[in-house]
Amino acid sequence: GSAVHVCVAACCCCSCGRQQKMCDVRVTRCDSSAPSAVVMLFGWLGATHSQLKEYSMLYHDGGACTVRATASMLDTMRTPRLLATGLAMLRAAAALLASLPPCTPLVVHVFSGGGALVWEALRDASFAVGDGCFDGSASDAALLRLLRRRVRAEIFDSAPCRPLFGAAAVTARPACARW
């Protein structure tokens, strides 16, 4: 089937709500009304969208939708910017998930150190929400709770990892789809 690629120029904001930059988040929708998964692709430092699109197409061929972005070099030096990039990706993933069956899994695919930094900022924020320590907006907190409920697998591709989050999600919810 054919893939639909959508460029989403999402506003990236830090937890205090100030706009920092526009995040270039790309979404590849699949043909199916019940895709096998929604996959978030966290690109390596310096990855281009055309490079990440190759991975999106592999997932598309397997029936999955994808959301992809890469943090800039400047982003990797400041945790709020990493979190802003991750939240922009999560907003796009949540928009896809909202129109899909509730057991559609969310899968995280992290490339190298650059992708790992964005994922770690997003994952740590989700734990802060769970612990009642998150100081961001209520809408961001709701997105982070969605993340904790829906992630079924973490893939660390040439990346440093602490796969505790995904391991817990995979063992806690084995019944949905193939993930």
# chains A, B, ... in the order shown; residues from 1 in each chain; ligands from 1
call {"tool": "residues_around", "arguments": {"residues": "Gly46 in chain A", "least_positions_apart": "4", "cutoff": "8 Å", "atoms": "only C-alpha atoms", "output": "list of chain:residue names"}}
result
A:Thr70, A:Ser72, A:Met73
call {"tool": "write_last_selection", "arguments": {"atoms": "N, CA and C atoms", "output": "mmCIF file, in the first residue's frame"}}
result
data_model
loop_
_atom_site.group_PDB
_atom_site.id
_atom_site.type_symbol
_atom_site.label_atom_id
_atom_site.label_comp_id
_atom_site.auth_asym_id
_atom_site.auth_seq_id
_atom_site.Cartn_x
_atom_site.Cartn_y
_atom_site.Cartn_z
ATOM 1 N N THR A 70 14.238 14.299 15.180
ATOM 2 C CA THR A 70 15.625 14.264 15.645
ATOM 3 C C THR A 70 15.898 15.538 16.425
ATOM 4 N N SER A 72 18.265 18.540 17.745
ATOM 5 C CA SER A 72 19.444 19.232 17.226
ATOM 6 C C SER A 72 20.583 19.126 18.230
ATOM 7 N N MET A 73 21.759 19.493 17.790
ATOM 8 C CA MET A 73 22.915 19.496 18.691
ATOM 9 C C MET A 73 22.652 20.406 19.886
#
call {"tool": "select_by_dssp", "arguments": {"residues": "range 1-156 of chain A", "states": "strand (DSSP E)", "output": "mmCIF file with N, CA and C atoms, in the first residue's frame"}}
result
data_model
loop_
_atom_site.group_PDB
_atom_site.id
_atom_site.type_symbol
_atom_site.label_atom_id
_atom_site.label_comp_id
_atom_site.auth_asym_id
_atom_site.auth_seq_id
_atom_site.Cartn_x
_atom_site.Cartn_y
_atom_site.Cartn_z
ATOM 1 N N VAL A 4 1.125 7.694 3.656
ATOM 2 C CA VAL A 4 0.841 9.123 3.646
ATOM 3 C C VAL A 4 1.818 9.764 4.619
ATOM 4 N N HIS A 5 2.696 10.626 4.094
ATOM 5 C CA HIS A 5 3.681 11.312 4.925
ATOM 6 C C HIS A 5 3.182 12.720 5.208
ATOM 7 N N VAL A 6 3.197 13.109 6.471
ATOM 8 C CA VAL A 6 2.711 14.417 6.878
ATOM 9 C C VAL A 6 3.798 15.105 7.692
ATOM 10 N N CYS A 7 4.096 16.346 7.341
ATOM 11 C CA CYS A 7 5.040 17.155 8.107
ATOM 12 C C CYS A 7 4.242 17.934 9.140
ATOM 13 N N VAL A 8 4.625 17.817 10.388
ATOM 14 C CA VAL A 8 3.943 18.514 11.461
ATOM 15 C C VAL A 8 4.932 19.500 12.071
ATOM 16 N N ALA A 9 4.714 20.779 11.861
ATOM 17 C CA ALA A 9 5.571 21.787 12.485
ATOM 18 C C ALA A 9 4.963 22.098 13.834
ATOM 19 N N ALA A 10 5.352 21.316 14.814
ATOM 20 C CA ALA A 10 4.757 21.428 16.142
ATOM 21 C C ALA A 10 5.518 22.442 16.985
ATOM 22 N N CYS A 11 4.782 23.183 17.763
ATOM 23 C CA CYS A 11 5.406 24.134 18.678
ATOM 24 C C CYS A 11 6.029 23.362 19.832
ATOM 25 N N CYS A 12 7.299 23.538 20.022
ATOM 26 C CA CYS A 12 7.981 22.910 21.156
ATOM 27 C C CYS A 12 8.054 23.927 22.272
ATOM 28 N N CYS A 13 7.523 23.584 23.406
ATOM 29 C CA CYS A 13 7.553 24.496 24.543
ATOM 30 C C CYS A 13 8.221 23.809 25.711
ATOM 31 N N GLN A 19 7.586 29.320 24.303
ATOM 32 C CA GLN A 19 7.962 28.682 23.046
ATOM 33 C C GLN A 19 9.464 28.754 22.877
ATOM 34 N N GLN A 20 10.071 27.644 22.473
ATOM 35 C CA GLN A 20 11.501 27.619 22.250
ATOM 36 C C GLN A 20 11.842 27.530 20.772
ATOM 37 N N LYS A 21 11.138 26.738 20.019
ATOM 38 C CA LYS A 21 11.417 26.557 18.598
ATOM 39 C C LYS A 21 10.304 25.726 17.989
ATOM 40 N N MET A 22 10.338 25.583 16.699
ATOM 41 C CA MET A 22 9.413 24.688 16.021
ATOM 42 C C MET A 22 10.101 23.341 15.849
ATOM 43 N N CYS A 23 9.453 22.285 16.255
ATOM 44 C CA CYS A 23 9.992 20.938 16.071
ATOM 45 C C CYS A 23 9.496 20.404 14.735
ATOM 46 N N ASP A 24 10.383 19.778 14.021
ATOM 47 C CA ASP A 24 10.030 19.193 12.730
ATOM 48 C C ASP A 24 9.705 17.721 12.962
ATOM 49 N N VAL A 25 8.454 17.464 13.257
ATOM 50 C CA VAL A 25 7.976 16.111 13.514
ATOM 51 C C VAL A 25 7.294 15.621 12.245
ATOM 52 N N ARG A 26 7.614 14.399 11.839
ATOM 53 C CA ARG A 26 7.005 13.818 10.642
ATOM 54 C C ARG A 26 6.186 12.597 11.036
ATOM 55 N N VAL A 27 5.027 12.463 10.401
ATOM 56 C CA VAL A 27 4.114 11.353 10.663
ATOM 57 C C VAL A 27 3.929 10.580 9.363
ATOM 58 N N THR A 28 4.018 9.264 9.433
ATOM 59 C CA THR A 28 3.672 8.402 8.307
ATOM 60 C C THR A 28 2.470 7.575 8.729
ATOM 61 N N ARG A 29 1.355 7.847 8.075
ATOM 62 C CA ARG A 29 0.122 7.107 8.374
ATOM 63 C C ARG A 29 0.082 5.860 7.511
ATOM 64 N N VAL A 38 1.731 2.046 16.592
ATOM 65 C CA VAL A 38 2.239 3.383 16.303
ATOM 66 C C VAL A 38 3.657 3.386 16.856
ATOM 67 N N VAL A 39 4.622 3.696 15.998
ATOM 68 C CA VAL A 39 6.032 3.634 16.371
ATOM 69 C C VAL A 39 6.606 5.040 16.394
ATOM 70 N N MET A 40 7.232 5.397 17.518
ATOM 71 C CA MET A 40 7.937 6.669 17.635
ATOM 72 C C MET A 40 9.414 6.412 17.344
ATOM 73 N N LEU A 41 9.945 7.061 16.299
ATOM 74 C CA LEU A 41 11.346 6.914 15.909
ATOM 75 C C LEU A 41 12.124 8.128 16.395
ATOM 76 N N PHE A 42 12.998 7.909 17.370
ATOM 77 C CA PHE A 42 13.836 8.966 17.926
ATOM 78 C C PHE A 42 15.176 8.923 17.202
ATOM 79 N N CYS A 65 2.056 2.702 11.787
ATOM 80 C CA CYS A 65 2.181 4.142 11.553
ATOM 81 C C CYS A 65 3.421 4.609 12.326
ATOM 82 N N THR A 66 4.046 5.701 11.883
ATOM 83 C CA THR A 66 5.234 6.184 12.590
ATOM 84 C C THR A 66 5.174 7.685 12.828
ATOM 85 N N VAL A 67 5.883 8.094 13.870
ATOM 86 C CA VAL A 67 6.142 9.498 14.194
ATOM 87 C C VAL A 67 7.649 9.585 14.363
ATOM 88 N N ARG A 68 8.294 10.573 13.724
ATOM 89 C CA ARG A 68 9.745 10.643 13.801
ATOM 90 C C ARG A 68 10.234 12.074 13.938
ATOM 91 N N ALA A 69 11.348 12.218 14.654
ATOM 92 C CA ALA A 69 12.009 13.520 14.811
ATOM 93 C C ALA A 69 13.421 13.275 15.310
ATOM 94 N N LEU A 106 1.916 1.375 21.423
ATOM 95 C CA LEU A 106 2.882 2.416 21.110
ATOM 96 C C LEU A 106 4.257 1.796 21.315
ATOM 97 N N VAL A 107 5.093 1.868 20.282
ATOM 98 C CA VAL A 107 6.432 1.280 20.312
ATOM 99 C C VAL A 107 7.437 2.409 20.164
ATOM 100 N N VAL A 108 8.491 2.345 20.928
ATOM 101 C CA VAL A 108 9.556 3.354 20.898
ATOM 102 C C VAL A 108 10.785 2.731 20.259
ATOM 103 N N HIS A 109 11.322 3.375 19.206
ATOM 104 C CA HIS A 109 12.551 2.921 18.552
ATOM 105 C C HIS A 109 13.551 4.066 18.661
ATOM 106 N N VAL A 110 14.606 3.834 19.434
ATOM 107 C CA VAL A 110 15.604 4.852 19.766
ATOM 108 C C VAL A 110 16.896 4.565 19.006
ATOM 109 N N PHE A 111 17.383 5.571 18.288
ATOM 110 C CA PHE A 111 18.636 5.431 17.550
ATOM 111 C C PHE A 111 19.752 6.206 18.244
ATOM 112 N N VAL A 151 2.904 2.369 25.978
ATOM 113 C CA VAL A 151 4.167 1.819 25.466
ATOM 114 C C VAL A 151 4.212 0.326 25.751
ATOM 115 N N ARG A 152 4.443 -0.446 24.682
ATOM 116 C CA ARG A 152 4.523 -1.903 24.805
ATOM 117 C C ARG A 152 5.935 -2.419 24.584
ATOM 118 N N ALA A 153 6.780 -1.627 23.912
ATOM 119 C CA ALA A 153 8.141 -2.089 23.641
ATOM 120 C C ALA A 153 9.057 -0.899 23.418
ATOM 121 N N GLU A 154 10.307 -1.075 23.821
ATOM 122 C CA GLU A 154 11.368 -0.114 23.545
ATOM 123 C C GLU A 154 12.439 -0.841 22.746
ATOM 124 N N ILE A 155 12.880 -0.216 21.665
ATOM 125 C CA ILE A 155 13.955 -0.776 20.851
ATOM 126 C C ILE A 155 15.116 0.204 20.915
ATOM 127 N N PHE A 156 16.255 -0.261 21.382
ATOM 128 C CA PHE A 156 17.455 0.576 21.463
ATOM 129 C C PHE A 156 18.407 0.105 20.382
#
call {"tool": "closest_residue", "arguments": {"among": "A:His60, A:Lys53, A:Arg123, A:Arg78", "to": "Leu143 in chain A", "atoms": "only C-alpha atoms"}}
result
A:Arg123
call {"tool": "select_by_dssp", "arguments": {"residues": "range 11-151 of chain A", "states": "helix (DSSP H, G or I)", "output": "PyMOL selection string"}}
result
chain A and resi 49-61+75-77+79-98+112-130+138-150
call {"tool": "atom_distance", "arguments": {"atom1": "CA of Gly115 in chain A", "atom2": "CA of Tyr55 in chain A"}}
result
13.9 Å
call {"tool": "atom_distance", "arguments": {"atom1": "CA of His49 in chain A", "atom2": "CA of Met89 in chain A"}}
result
13.6 Å
call {"tool": "closest_residue", "arguments": {"among": "A:Ala125, A:Ala93, A:Val118, A:Ala47", "to": "Ala141 in chain A", "atoms": "only C-alpha atoms"}}
result
A:Ala125
call {"tool": "atom_distance", "arguments": {"atom1": "CA of Ser33 in chain A", "atom2": "CA of Pro101 in chain A"}}
result
8.6 Å
call {"tool": "closest_residue", "arguments": {"among": "A:Leu97, A:Thr85, A:Ser158, A:Asp140", "to": "Glu120 in chain A", "atoms": "only C-alpha atoms"}}
result
A:Thr85
call {"tool": "closest_residue", "arguments": {"among": "A:Phe134, A:Phe127, A:Trp119, A:Tyr59", "to": "Ala37 in chain A", "atoms": "only C-alpha atoms"}}
result
A:Tyr59
call {"tool": "residues_around", "arguments": {"residues": "Asp75 in chain A", "least_positions_apart": "4", "cutoff": "10 Å", "atoms": "only C-alpha atoms", "output": "mmCIF file with N, CA and C atoms, in the first residue's frame"}}
result
data_model
loop_
_atom_site.group_PDB
_atom_site.id
_atom_site.type_symbol
_atom_site.label_atom_id
_atom_site.label_comp_id
_atom_site.auth_asym_id
_atom_site.auth_seq_id
_atom_site.Cartn_x
_atom_site.Cartn_y
_atom_site.Cartn_z
ATOM 1 N N LEU A 45 21.667 11.794 16.416
ATOM 2 C CA LEU A 45 22.120 13.170 16.232
ATOM 3 C C LEU A 45 22.591 13.355 14.799
ATOM 4 N N THR A 70 14.238 14.299 15.180
ATOM 5 C CA THR A 70 15.625 14.264 15.645
ATOM 6 C C THR A 70 15.898 15.538 16.425
ATOM 7 N N ALA A 71 16.549 15.424 17.557
ATOM 8 C CA ALA A 71 16.953 16.599 18.325
ATOM 9 C C ALA A 71 18.183 17.225 17.671
ATOM 10 N N THR A 79 18.092 19.786 28.837
ATOM 11 C CA THR A 79 16.996 18.848 29.060
ATOM 12 C C THR A 79 15.630 19.418 28.695
ATOM 13 N N PRO A 80 15.310 20.695 29.008
ATOM 14 C CA PRO A 80 13.981 21.190 28.600
ATOM 15 C C PRO A 80 13.755 21.127 27.095
ATOM 16 N N ARG A 81 14.789 21.338 26.307
ATOM 17 C CA ARG A 81 14.632 21.258 24.848
ATOM 18 C C ARG A 81 14.467 19.808 24.404
ATOM 19 N N LEU A 82 15.161 18.890 25.063
ATOM 20 C CA LEU A 82 14.967 17.469 24.760
ATOM 21 C C LEU A 82 13.534 17.063 25.058
ATOM 22 N N LEU A 83 13.047 17.485 26.210
ATOM 23 C CA LEU A 83 11.673 17.167 26.594
ATOM 24 C C LEU A 83 10.686 17.797 25.617
ATOM 25 N N ALA A 84 10.941 19.016 25.180
ATOM 26 C CA ALA A 84 10.048 19.683 24.233
ATOM 27 C C ALA A 84 9.960 18.902 22.922
ATOM 28 N N THR A 85 11.085 18.412 22.438
ATOM 29 C CA THR A 85 11.079 17.604 21.218
ATOM 30 C C THR A 85 10.284 16.324 21.436
ATOM 31 N N GLY A 114 21.774 10.379 20.446
ATOM 32 C CA GLY A 114 20.861 11.508 20.254
ATOM 33 C C GLY A 114 19.419 11.130 20.501
ATOM 34 N N LEU A 117 18.807 10.393 24.300
ATOM 35 C CA LEU A 117 18.661 11.571 25.159
ATOM 36 C C LEU A 117 17.224 12.098 25.145
ATOM 37 N N VAL A 118 16.603 12.141 23.980
ATOM 38 C CA VAL A 118 15.215 12.621 23.886
ATOM 39 C C VAL A 118 14.282 11.645 24.600
#
